[in-house]
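Data block below; observations after.
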Number of protein chains: 2
Amino acid sequence: MPPIEIQNPQNVLDQIKWNADGLVAAIAQDYQTQEVLMMAWMNAESLELTAKLGHAVYWSRSRQKLWHKGESSGHQQVIHEIRLDCDADAIVLQVEQMGGIACHTGRRSCFYRTLKPEGWVENAPVLKDPSDIYK
Amino acid sequence: MPPIEIQNPQNVLDQIKWNADGLVAAIAQDYQTQEVLMMAWMNAESLELTAKLGHAVYWSRSRQKLWHKGESSGHQQVIHEIRLDCDADAIVLQVEQMGGIACHTGRRSCFYRTLKPEGWVENAPVLKDPSDIYK
């Protein structure tokens, strides 16, 4: 999908219910399989950049800076659609996951643990050694 | 799916990275279509109850109390799987959405607005009048 050329960016941003830190939750989902790949956070600048550039830009809470997903790994998320929920505090990104890996552990999805009687059990393989992802 | 009889609940809960308010983000997804239905929040008690009862129990931040999803609408979310992400601050619930409606607006999903050049545009119909949902 080409970048979304928003006619009135301020109006679009004003409709978001930003939390106390000025952030909104962003859920990335594979646009074809609908698998949920990860959840991260966006501030106003990152949401505007995501629409403008056509790839996911988050706000890193740990590093306190913009995080162009894939900038070091090459695992960009190409945007196909951006959705907003009813109370305007969560966003779904329909994305094409470049390299097929969203998680920094080398798995496809960050949600690779499932609750079983014995606890959180891994449900997905490591597809790529993390030391080969971040060089 | 029958409820999950967790052998060591404290151990399961201790692995979650609760936020400053003691909450974790919970994304509910249709277990068949994989459509993302909503995002809400859980505290430790609601997560434990969700596993134990086999239906989604959230923590309502606005009402500051447990929220048995569907308690007034009948639109329960039957749990098929509970997943945890890599940094343990987000959960995915694979659910069967009773009544077919997750959103309090009467739409299937809460993510019923899509970003277009002209702004946030509705992408899904109201299936049921909200005044008929909450009586």
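Residue numbering restarts at 1 for every chain of the structure tokens, chains are lettered A, B, ... in their displayed order, and ligands are numbered from 1 as they appear.
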Fit chain A to chain B, all Cα atoms paired in order, least squares. Then write it as a compact mmCIF listing (two decimals) with N, CA and C atoms, in the first residue's frame.
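For reference, result.txt as written:
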# COMPACT_ATOMS: atom_id res chain seq x y z
N MET A 1 -13.03 -24.94 24.88
CA MET A 1 -11.92 -25.44 25.69
C MET A 1 -12.31 -25.42 27.16
N PRO A 2 -11.97 -26.48 27.90
CA PRO A 2 -12.25 -26.44 29.34
C PRO A 2 -11.32 -25.44 30.01
N PRO A 3 -11.71 -24.94 31.17
CA PRO A 3 -10.83 -24.02 31.90
C PRO A 3 -9.44 -24.61 32.08
N ILE A 4 -8.45 -23.74 32.21
CA ILE A 4 -7.07 -24.19 32.38
C ILE A 4 -6.80 -24.32 33.88
N GLU A 5 -6.52 -25.53 34.31
CA GLU A 5 -6.24 -25.74 35.74
C GLU A 5 -4.75 -25.57 35.99
N ILE A 6 -4.38 -24.35 36.32
CA ILE A 6 -2.97 -24.02 36.49
C ILE A 6 -2.43 -24.65 37.77
N GLN A 7 -1.30 -25.33 37.63
CA GLN A 7 -0.74 -26.03 38.79
C GLN A 7 -0.15 -25.06 39.81
N ASN A 8 0.51 -24.02 39.29
CA ASN A 8 1.15 -23.06 40.20
C ASN A 8 0.81 -21.63 39.76
N PRO A 9 -0.38 -21.16 40.16
CA PRO A 9 -0.85 -19.85 39.68
C PRO A 9 0.12 -18.71 40.01
N GLN A 10 0.73 -18.74 41.19
CA GLN A 10 1.62 -17.64 41.56
C GLN A 10 2.80 -17.54 40.61
N ASN A 11 3.31 -18.70 40.23
CA ASN A 11 4.45 -18.73 39.31
C ASN A 11 4.06 -18.15 37.95
N VAL A 12 2.87 -18.49 37.49
CA VAL A 12 2.36 -17.98 36.21
C VAL A 12 2.20 -16.46 36.27
N LEU A 13 1.67 -15.96 37.38
CA LEU A 13 1.44 -14.53 37.53
C LEU A 13 2.76 -13.76 37.73
N ASP A 14 3.70 -14.40 38.41
CA ASP A 14 4.99 -13.75 38.67
C ASP A 14 5.78 -13.48 37.40
N GLN A 15 5.47 -14.22 36.35
CA GLN A 15 6.22 -14.03 35.09
C GLN A 15 5.69 -12.87 34.26
N ILE A 16 4.55 -12.30 34.65
CA ILE A 16 3.99 -11.14 33.93
C ILE A 16 4.70 -9.87 34.39
N LYS A 17 4.98 -8.98 33.43
CA LYS A 17 5.56 -7.69 33.79
C LYS A 17 4.40 -6.71 33.91
N TRP A 18 3.79 -6.64 35.09
CA TRP A 18 2.65 -5.75 35.33
C TRP A 18 3.11 -4.30 35.24
N ASN A 19 2.24 -3.44 34.72
CA ASN A 19 2.62 -2.02 34.64
C ASN A 19 2.45 -1.35 36.01
N ALA A 20 2.66 -0.04 36.07
CA ALA A 20 2.65 0.67 37.35
C ALA A 20 1.30 0.55 38.05
N ASP A 21 0.23 0.31 37.27
CA ASP A 21 -1.09 0.13 37.86
C ASP A 21 -1.41 -1.34 38.14
N GLY A 22 -0.42 -2.21 37.94
CA GLY A 22 -0.65 -3.64 38.19
C GLY A 22 -1.45 -4.31 37.08
N LEU A 23 -1.34 -3.78 35.87
CA LEU A 23 -2.15 -4.30 34.75
C LEU A 23 -1.27 -4.79 33.60
N VAL A 24 -1.88 -5.65 32.78
CA VAL A 24 -1.25 -6.12 31.55
C VAL A 24 -2.28 -5.94 30.42
N ALA A 25 -1.80 -5.55 29.24
CA ALA A 25 -2.71 -5.38 28.08
C ALA A 25 -3.18 -6.74 27.60
N ALA A 26 -4.46 -6.83 27.26
CA ALA A 26 -5.03 -8.10 26.78
C ALA A 26 -5.77 -7.85 25.47
N ILE A 27 -5.33 -8.55 24.43
CA ILE A 27 -5.89 -8.43 23.09
C ILE A 27 -6.76 -9.65 22.84
N ALA A 28 -8.05 -9.44 22.54
CA ALA A 28 -8.93 -10.57 22.26
C ALA A 28 -9.06 -10.73 20.75
N GLN A 29 -8.87 -11.98 20.31
CA GLN A 29 -8.83 -12.30 18.89
C GLN A 29 -9.75 -13.49 18.65
N ASP A 30 -10.55 -13.43 17.58
CA ASP A 30 -11.42 -14.55 17.23
C ASP A 30 -10.56 -15.78 16.93
N TYR A 31 -10.83 -16.88 17.61
CA TYR A 31 -9.96 -18.05 17.50
C TYR A 31 -10.05 -18.71 16.13
N GLN A 32 -11.09 -18.39 15.36
CA GLN A 32 -11.21 -18.98 14.03
C GLN A 32 -10.72 -18.02 12.94
N THR A 33 -11.32 -16.82 12.87
CA THR A 33 -10.97 -15.89 11.79
C THR A 33 -9.70 -15.11 12.09
N GLN A 34 -9.29 -15.09 13.38
CA GLN A 34 -8.12 -14.33 13.83
C GLN A 34 -8.34 -12.82 13.82
N GLU A 35 -9.59 -12.39 13.61
CA GLU A 35 -9.89 -10.97 13.69
C GLU A 35 -9.62 -10.45 15.10
N VAL A 36 -8.96 -9.30 15.20
CA VAL A 36 -8.78 -8.70 16.52
C VAL A 36 -10.08 -8.01 16.91
N LEU A 37 -10.63 -8.39 18.04
CA LEU A 37 -11.95 -7.91 18.45
C LEU A 37 -11.86 -6.68 19.36
N MET A 38 -10.91 -6.68 20.27
CA MET A 38 -10.80 -5.58 21.23
C MET A 38 -9.47 -5.66 21.97
N MET A 39 -9.15 -4.57 22.65
CA MET A 39 -8.03 -4.59 23.59
C MET A 39 -8.52 -4.04 24.91
N ALA A 40 -8.20 -4.73 26.00
CA ALA A 40 -8.59 -4.25 27.32
C ALA A 40 -7.43 -4.55 28.27
N TRP A 41 -7.70 -4.49 29.56
CA TRP A 41 -6.63 -4.66 30.55
C TRP A 41 -7.02 -5.72 31.57
N MET A 42 -6.00 -6.37 32.14
CA MET A 42 -6.20 -7.38 33.18
C MET A 42 -5.28 -7.10 34.35
N ASN A 43 -5.80 -7.34 35.56
CA ASN A 43 -4.90 -7.42 36.71
C ASN A 43 -4.71 -8.91 37.03
N ALA A 44 -3.95 -9.19 38.07
CA ALA A 44 -3.63 -10.59 38.37
C ALA A 44 -4.90 -11.41 38.63
N GLU A 45 -5.83 -10.82 39.37
CA GLU A 45 -7.05 -11.55 39.70
C GLU A 45 -7.85 -11.87 38.44
N SER A 46 -7.94 -10.91 37.53
CA SER A 46 -8.74 -11.15 36.33
C SER A 46 -8.09 -12.19 35.42
N LEU A 47 -6.77 -12.19 35.35
CA LEU A 47 -6.10 -13.22 34.54
C LEU A 47 -6.31 -14.61 35.14
N GLU A 48 -6.19 -14.68 36.44
CA GLU A 48 -6.38 -15.98 37.10
C GLU A 48 -7.82 -16.46 36.91
N LEU A 49 -8.79 -15.54 37.03
CA LEU A 49 -10.19 -15.91 36.84
C LEU A 49 -10.48 -16.32 35.39
N THR A 50 -9.84 -15.62 34.46
CA THR A 50 -10.03 -15.94 33.03
C THR A 50 -9.65 -17.39 32.75
N ALA A 51 -8.49 -17.78 33.30
CA ALA A 51 -8.03 -19.16 33.10
C ALA A 51 -8.95 -20.16 33.82
N LYS A 52 -9.32 -19.80 35.02
CA LYS A 52 -10.10 -20.69 35.88
C LYS A 52 -11.52 -20.90 35.34
N LEU A 53 -12.15 -19.78 34.90
CA LEU A 53 -13.55 -19.86 34.48
C LEU A 53 -13.69 -20.21 33.00
N GLY A 54 -12.64 -19.93 32.22
CA GLY A 54 -12.72 -20.23 30.79
C GLY A 54 -13.45 -19.16 29.99
N HIS A 55 -13.69 -18.00 30.59
CA HIS A 55 -14.18 -16.86 29.81
C HIS A 55 -13.44 -15.59 30.24
N ALA A 56 -13.42 -14.61 29.33
CA ALA A 56 -12.58 -13.43 29.56
C ALA A 56 -13.11 -12.57 30.70
N VAL A 57 -12.22 -12.29 31.64
CA VAL A 57 -12.50 -11.37 32.75
C VAL A 57 -11.43 -10.29 32.69
N TYR A 58 -11.84 -9.05 32.50
CA TYR A 58 -10.89 -7.94 32.41
C TYR A 58 -10.96 -7.11 33.70
N TRP A 59 -10.07 -6.11 33.76
CA TRP A 59 -10.13 -5.10 34.81
C TRP A 59 -10.60 -3.81 34.15
N SER A 60 -11.73 -3.30 34.59
CA SER A 60 -12.23 -2.05 34.04
C SER A 60 -11.52 -0.88 34.71
N ARG A 61 -10.75 -0.14 33.91
CA ARG A 61 -10.03 1.01 34.47
C ARG A 61 -10.99 2.15 34.80
N SER A 62 -12.07 2.29 34.02
CA SER A 62 -13.02 3.38 34.28
C SER A 62 -13.86 3.09 35.53
N ARG A 63 -14.24 1.82 35.70
CA ARG A 63 -15.07 1.49 36.86
C ARG A 63 -14.26 0.96 38.04
N GLN A 64 -12.96 0.70 37.79
CA GLN A 64 -12.06 0.19 38.84
C GLN A 64 -12.64 -1.06 39.51
N LYS A 65 -13.09 -1.99 38.66
CA LYS A 65 -13.55 -3.27 39.20
C LYS A 65 -13.42 -4.36 38.15
N LEU A 66 -13.53 -5.60 38.59
CA LEU A 66 -13.49 -6.73 37.66
C LEU A 66 -14.63 -6.60 36.67
N TRP A 67 -14.37 -6.98 35.44
CA TRP A 67 -15.35 -6.87 34.37
C TRP A 67 -15.47 -8.24 33.68
N HIS A 68 -16.50 -8.97 34.09
CA HIS A 68 -16.77 -10.24 33.42
C HIS A 68 -17.42 -9.90 32.08
N LYS A 69 -16.62 -9.90 31.02
CA LYS A 69 -17.10 -9.53 29.69
C LYS A 69 -18.37 -10.34 29.37
N GLY A 70 -19.44 -9.62 29.03
CA GLY A 70 -20.69 -10.29 28.67
C GLY A 70 -21.66 -10.43 29.83
N GLU A 71 -21.26 -9.92 31.02
CA GLU A 71 -22.13 -10.14 32.19
C GLU A 71 -23.49 -9.46 32.02
N SER A 72 -23.51 -8.29 31.31
CA SER A 72 -24.81 -7.64 31.09
C SER A 72 -25.32 -7.85 29.66
N SER A 73 -24.40 -8.02 28.71
CA SER A 73 -24.81 -8.15 27.30
C SER A 73 -25.04 -9.59 26.89
N GLY A 74 -24.48 -10.54 27.64
CA GLY A 74 -24.52 -11.93 27.22
C GLY A 74 -23.41 -12.26 26.22
N HIS A 75 -22.64 -11.24 25.83
CA HIS A 75 -21.60 -11.46 24.82
C HIS A 75 -20.29 -11.89 25.47
N GLN A 76 -20.34 -13.06 26.06
CA GLN A 76 -19.15 -13.62 26.70
C GLN A 76 -18.08 -13.97 25.67
N GLN A 77 -16.85 -14.05 26.14
CA GLN A 77 -15.75 -14.51 25.29
C GLN A 77 -15.20 -15.80 25.87
N VAL A 78 -15.50 -16.92 25.20
CA VAL A 78 -15.05 -18.22 25.68
C VAL A 78 -13.58 -18.41 25.26
N ILE A 79 -12.76 -18.74 26.23
CA ILE A 79 -11.31 -18.82 26.00
C ILE A 79 -10.91 -20.12 25.31
N HIS A 80 -10.12 -19.99 24.25
CA HIS A 80 -9.53 -21.16 23.60
C HIS A 80 -8.03 -21.25 23.86
N GLU A 81 -7.41 -20.11 24.03
CA GLU A 81 -5.98 -20.12 24.31
C GLU A 81 -5.58 -18.77 24.89
N ILE A 82 -4.56 -18.76 25.73
CA ILE A 82 -4.01 -17.54 26.31
C ILE A 82 -2.51 -17.51 25.99
N ARG A 83 -2.07 -16.44 25.34
CA ARG A 83 -0.66 -16.34 24.94
C ARG A 83 0.00 -15.12 25.58
N LEU A 84 1.28 -15.20 25.79
CA LEU A 84 2.06 -14.12 26.41
C LEU A 84 3.19 -13.72 25.48
N ASP A 85 3.48 -12.42 25.45
CA ASP A 85 4.53 -11.97 24.51
C ASP A 85 5.92 -11.99 25.14
N CYS A 86 6.91 -11.67 24.33
CA CYS A 86 8.32 -11.84 24.72
C CYS A 86 8.70 -11.03 25.94
N ASP A 87 8.19 -9.79 26.05
CA ASP A 87 8.56 -9.01 27.22
C ASP A 87 7.48 -9.05 28.31
N ALA A 88 6.53 -9.96 28.15
CA ALA A 88 5.58 -10.33 29.21
C ALA A 88 4.69 -9.18 29.67
N ASP A 89 4.45 -8.21 28.78
CA ASP A 89 3.53 -7.13 29.15
C ASP A 89 2.31 -7.05 28.23
N ALA A 90 2.07 -8.09 27.45
CA ALA A 90 0.87 -8.15 26.62
C ALA A 90 0.44 -9.60 26.46
N ILE A 91 -0.88 -9.78 26.44
CA ILE A 91 -1.47 -11.10 26.36
C ILE A 91 -2.41 -11.14 25.16
N VAL A 92 -2.45 -12.26 24.46
CA VAL A 92 -3.46 -12.48 23.43
C VAL A 92 -4.40 -13.58 23.91
N LEU A 93 -5.70 -13.28 23.86
CA LEU A 93 -6.71 -14.28 24.16
C LEU A 93 -7.32 -14.76 22.84
N GLN A 94 -7.24 -16.04 22.59
CA GLN A 94 -7.95 -16.62 21.45
C GLN A 94 -9.34 -16.98 21.96
N VAL A 95 -10.38 -16.31 21.44
CA VAL A 95 -11.71 -16.45 22.03
C VAL A 95 -12.78 -16.80 20.99
N GLU A 96 -13.84 -17.38 21.51
CA GLU A 96 -15.06 -17.55 20.74
C GLU A 96 -16.01 -16.46 21.24
N GLN A 97 -16.38 -15.54 20.36
CA GLN A 97 -17.18 -14.38 20.75
C GLN A 97 -18.67 -14.74 20.71
N MET A 98 -19.27 -14.94 21.86
CA MET A 98 -20.70 -15.28 21.92
C MET A 98 -21.52 -14.09 21.42
N GLY A 99 -22.56 -14.37 20.69
CA GLY A 99 -23.40 -13.30 20.15
C GLY A 99 -22.78 -12.59 18.96
N GLY A 100 -21.51 -12.90 18.67
CA GLY A 100 -20.85 -12.33 17.49
C GLY A 100 -20.48 -10.87 17.60
N ILE A 101 -20.68 -10.27 18.76
CA ILE A 101 -20.44 -8.83 18.92
C ILE A 101 -19.52 -8.60 20.12
N ALA A 102 -18.36 -7.98 19.84
CA ALA A 102 -17.44 -7.68 20.95
C ALA A 102 -17.58 -6.24 21.41
N CYS A 103 -17.98 -5.34 20.52
CA CYS A 103 -17.92 -3.91 20.82
C CYS A 103 -19.23 -3.39 21.42
N HIS A 104 -19.10 -2.47 22.37
CA HIS A 104 -20.28 -1.91 23.02
C HIS A 104 -21.10 -1.04 22.07
N THR A 105 -20.53 -0.73 20.89
CA THR A 105 -21.28 0.03 19.89
C THR A 105 -22.18 -0.87 19.04
N GLY A 106 -22.10 -2.19 19.27
CA GLY A 106 -22.93 -3.12 18.52
C GLY A 106 -22.25 -3.65 17.27
N ARG A 107 -20.94 -3.32 17.13
CA ARG A 107 -20.18 -3.86 16.00
C ARG A 107 -19.43 -5.12 16.43
N ARG A 108 -19.02 -5.89 15.43
CA ARG A 108 -18.30 -7.13 15.75
C ARG A 108 -17.00 -6.82 16.49
N SER A 109 -16.21 -5.92 15.92
CA SER A 109 -14.91 -5.58 16.51
C SER A 109 -14.90 -4.12 16.93
N CYS A 110 -14.10 -3.83 17.96
CA CYS A 110 -13.94 -2.43 18.37
C CYS A 110 -13.11 -1.63 17.35
N PHE A 111 -12.37 -2.32 16.49
CA PHE A 111 -11.48 -1.62 15.54
C PHE A 111 -12.23 -1.35 14.24
N TYR A 112 -13.27 -0.54 14.33
CA TYR A 112 -14.18 -0.35 13.20
C TYR A 112 -13.91 0.96 12.44
N ARG A 113 -12.75 1.58 12.70
CA ARG A 113 -12.39 2.78 11.97
C ARG A 113 -11.03 2.59 11.29
N THR A 114 -10.93 3.02 10.06
CA THR A 114 -9.71 2.86 9.26
C THR A 114 -9.20 4.23 8.85
N LEU A 115 -7.89 4.40 8.92
CA LEU A 115 -7.29 5.68 8.53
C LEU A 115 -7.27 5.83 7.01
N LYS A 116 -7.91 6.87 6.54
CA LYS A 116 -7.94 7.22 5.12
C LYS A 116 -7.44 8.65 4.99
N PRO A 117 -7.13 9.10 3.77
CA PRO A 117 -6.67 10.49 3.62
C PRO A 117 -7.61 11.49 4.30
N GLU A 118 -8.92 11.22 4.27
CA GLU A 118 -9.89 12.15 4.85
C GLU A 118 -10.06 11.98 6.36
N GLY A 119 -9.42 11.00 6.97
CA GLY A 119 -9.49 10.81 8.42
C GLY A 119 -9.89 9.39 8.80
N TRP A 120 -10.42 9.21 10.02
CA TRP A 120 -10.85 7.89 10.50
C TRP A 120 -12.24 7.59 9.93
N VAL A 121 -12.31 6.55 9.11
CA VAL A 121 -13.55 6.24 8.40
C VAL A 121 -14.09 4.88 8.86
N GLU A 122 -15.37 4.80 9.12
CA GLU A 122 -15.95 3.54 9.61
C GLU A 122 -15.85 2.45 8.54
N ASN A 123 -15.50 1.24 9.00
CA ASN A 123 -15.29 0.12 8.07
C ASN A 123 -16.22 -1.06 8.33
N ALA A 124 -17.11 -0.93 9.33
CA ALA A 124 -17.94 -2.09 9.69
C ALA A 124 -19.31 -1.62 10.19
N PRO A 125 -20.34 -2.41 9.90
CA PRO A 125 -21.69 -2.00 10.27
C PRO A 125 -22.03 -2.28 11.74
N VAL A 126 -23.00 -1.53 12.24
CA VAL A 126 -23.60 -1.83 13.55
C VAL A 126 -24.54 -3.02 13.35
N LEU A 127 -24.25 -4.11 14.06
CA LEU A 127 -25.05 -5.33 13.88
C LEU A 127 -26.25 -5.37 14.82
N LYS A 128 -26.11 -4.65 15.93
CA LYS A 128 -27.18 -4.65 16.93
C LYS A 128 -27.22 -3.29 17.61
N ASP A 129 -28.39 -2.75 17.79
CA ASP A 129 -28.55 -1.46 18.46
C ASP A 129 -28.05 -1.58 19.91
N PRO A 130 -27.09 -0.72 20.30
CA PRO A 130 -26.56 -0.82 21.68
C PRO A 130 -27.66 -0.79 22.74
N SER A 131 -28.76 -0.09 22.47
CA SER A 131 -29.83 -0.03 23.48
C SER A 131 -30.53 -1.38 23.62
N ASP A 132 -30.34 -2.26 22.63
CA ASP A 132 -30.88 -3.62 22.74
C ASP A 132 -29.88 -4.57 23.39
N ILE A 133 -28.61 -4.13 23.47
CA ILE A 133 -27.58 -4.99 24.07
C ILE A 133 -27.61 -4.88 25.58
N TYR A 134 -27.71 -3.64 26.06
CA TYR A 134 -27.63 -3.39 27.52
C TYR A 134 -29.01 -2.98 28.02
N LYS A 135 -29.71 -3.91 28.61
CA LYS A 135 -31.07 -3.60 29.07
C LYS A 135 -31.15 -3.65 30.59
Return as a list in words the full set of residues in stretch 14-69 of chain B whose backbone-based DSSP assignment is helix (DSSP H, G or I).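 Reading the DSSP output for stretch 14-69 of chain B, helix (DSSP H, G or I) covers Asp14, Ala44, Glu45, Ser46, Leu47, Glu48, Leu49, Thr50, Ala51, Lys52 and Leu53 of chain B.
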From stretch 5-134 of chain A, collect each residue whose DSSP state is strand (DSSP E or B) and return the set as an MDAnalysis selection string. chainID A and resid 24:30 36:42 55 57:60 65:68 77:84 90:97 113:116 119:122
